[in-house]
Amino acid sequence: MKKLLNFGLALVVVLFALQACNTADTGDSAPKDGYEISGNLTNVQPDTRVFLEVLDSKKINIIDTTTVNDDGTYTFTGKVPAKSIGRLRIGMGSNATMFILDNEKTTINADLRNMVGSEIIGSKENAVM
């Protein structure tokens, strides 16, 4: 539990640092179309629920749900007003991985037996984690 809290705190620090750097990013002011989060989950039964959550300072909010397809894949699409700390949770338990949720394409491949070893591909912020 202490490791999870330390990881969460580190994510918050990274998020704020990267948000501060965004003002000098690329100068591209075109709005993003939204996020697409997809990936492959192993050791998960088809039709298992997958939750997309946002962590804020007081609570965890579920912003979307989907189910695992027969081949282990899943997809979320939507739009967030600002970058935030996201969490992908599998099933009703505590099997989850955290990432930076923004309006970009992100791939999260995970094994239910080793969520800490999840592969997160996408935005610059997630690459530094």
# chains A, B, ... in the order shown; residues from 1 in each chain; ligands from 1
$ select_by_dssp --residues "region 16-111 of chain A" --states "alpha helix (DSSP H)" --output "list of chain:residue names"
A:Phe16, A:Ala17, A:Leu18, A:Gln19, A:Ala20, A:Cys21
$ residues_around --residues "Val44 (chain A)" --least-positions-apart "2" --cutoff "12 Å" --atoms "only C-alpha atoms" --output "VMD selection string"
chain A and resid 40 to 42 46 to 50 67 to 74 89 to 91 95 109 to 115
$ residues_around --residues "Thr75 (chain A)" --least-positions-apart "6" --cutoff "9 Å" --atoms "only C-alpha atoms" --output "list in words"
Glu36, Ile37, Ser38, Gly39, Thr66, Thr67 and Val68 of chain A
$ residues_around --residues "Glu104 (chain A)" --least-positions-apart "6" --cutoff "12 Å" --atoms "only C-alpha atoms" --output "ChimeraX atom specification"
/A:31-38,76-80,82-83,121-126
$ write_last_selection --atoms "N, CA and C atoms" --output "mmCIF file, in the first residue's frame"
data_model
loop_
_atom_site.group_PDB
_atom_site.id
_atom_site.type_symbol
_atom_site.label_atom_id
_atom_site.label_comp_id
_atom_site.auth_asym_id
_atom_site.auth_seq_id
_atom_site.Cartn_x
_atom_site.Cartn_y
_atom_site.Cartn_z
ATOM 1 N N PRO A 31 -7.225 22.305 -31.030
ATOM 2 C CA PRO A 31 -7.710 21.418 -29.969
ATOM 3 C C PRO A 31 -7.580 19.955 -30.367
ATOM 4 N N LYS A 32 -7.385 19.126 -29.380
ATOM 5 C CA LYS A 32 -7.319 17.685 -29.612
ATOM 6 C C LYS A 32 -8.733 17.163 -29.794
ATOM 7 N N ASP A 33 -8.858 16.090 -30.561
ATOM 8 C CA ASP A 33 -10.172 15.489 -30.789
ATOM 9 C C ASP A 33 -10.641 14.683 -29.586
ATOM 10 N N GLY A 34 -9.756 14.284 -28.739
ATOM 11 C CA GLY A 34 -10.119 13.469 -27.590
ATOM 12 C C GLY A 34 -9.139 12.328 -27.428
ATOM 13 N N TYR A 35 -9.423 11.480 -26.457
ATOM 14 C CA TYR A 35 -8.527 10.357 -26.191
ATOM 15 C C TYR A 35 -9.054 9.074 -26.807
ATOM 16 N N GLU A 36 -8.124 8.189 -27.077
ATOM 17 C CA GLU A 36 -8.444 6.803 -27.407
ATOM 18 C C GLU A 36 -7.487 5.957 -26.584
ATOM 19 N N ILE A 37 -8.040 5.160 -25.706
ATOM 20 C CA ILE A 37 -7.236 4.271 -24.878
ATOM 21 C C ILE A 37 -7.626 2.855 -25.256
ATOM 22 N N SER A 38 -6.638 2.088 -25.668
ATOM 23 C CA SER A 38 -6.919 0.717 -26.070
ATOM 24 C C SER A 38 -5.734 -0.148 -25.689
ATOM 25 N N PHE A 76 -11.463 2.550 -25.115
ATOM 26 C CA PHE A 76 -12.224 3.680 -24.585
ATOM 27 C C PHE A 76 -12.009 4.854 -25.527
ATOM 28 N N THR A 77 -13.020 5.670 -25.745
ATOM 29 C CA THR A 77 -12.861 6.939 -26.457
ATOM 30 C C THR A 77 -13.658 7.996 -25.718
ATOM 31 N N GLY A 78 -13.164 9.215 -25.763
ATOM 32 C CA GLY A 78 -13.851 10.316 -25.099
ATOM 33 C C GLY A 78 -12.987 11.552 -25.112
ATOM 34 N N LYS A 79 -13.319 12.483 -24.254
ATOM 35 C CA LYS A 79 -12.578 13.733 -24.183
ATOM 36 C C LYS A 79 -12.515 14.178 -22.733
ATOM 37 N N VAL A 80 -11.346 14.655 -22.318
ATOM 38 C CA VAL A 80 -11.175 15.204 -20.976
ATOM 39 C C VAL A 80 -10.846 16.691 -21.099
ATOM 40 N N ALA A 82 -8.834 18.466 -19.250
ATOM 41 C CA ALA A 82 -7.434 18.761 -18.944
ATOM 42 C C ALA A 82 -6.704 17.467 -18.617
ATOM 43 N N LYS A 83 -5.392 17.506 -18.694
ATOM 44 C CA LYS A 83 -4.591 16.342 -18.304
ATOM 45 C C LYS A 83 -4.862 16.017 -16.849
ATOM 46 N N ILE A 121 1.997 3.069 -23.754
ATOM 47 C CA ILE A 121 2.574 3.703 -24.937
ATOM 48 C C ILE A 121 1.654 4.851 -25.335
ATOM 49 N N GLY A 122 2.238 6.020 -25.616
ATOM 50 C CA GLY A 122 1.392 7.131 -26.045
ATOM 51 C C GLY A 122 2.075 8.455 -25.872
ATOM 52 N N SER A 123 1.496 9.292 -25.037
ATOM 53 C CA SER A 123 1.963 10.666 -24.898
ATOM 54 C C SER A 123 3.367 10.743 -24.292
ATOM 55 N N LYS A 124 3.980 11.911 -24.439
ATOM 56 C CA LYS A 124 5.321 12.148 -23.893
ATOM 57 C C LYS A 124 5.360 11.925 -22.396
ATOM 58 N N GLU A 125 4.309 12.347 -21.714
ATOM 59 C CA GLU A 125 4.263 12.239 -20.260
ATOM 60 C C GLU A 125 4.314 10.780 -19.812
ATOM 61 N N ASN A 126 3.592 9.923 -20.528
ATOM 62 C CA ASN A 126 3.587 8.513 -20.164
ATOM 63 C C ASN A 126 4.925 7.841 -20.495
#
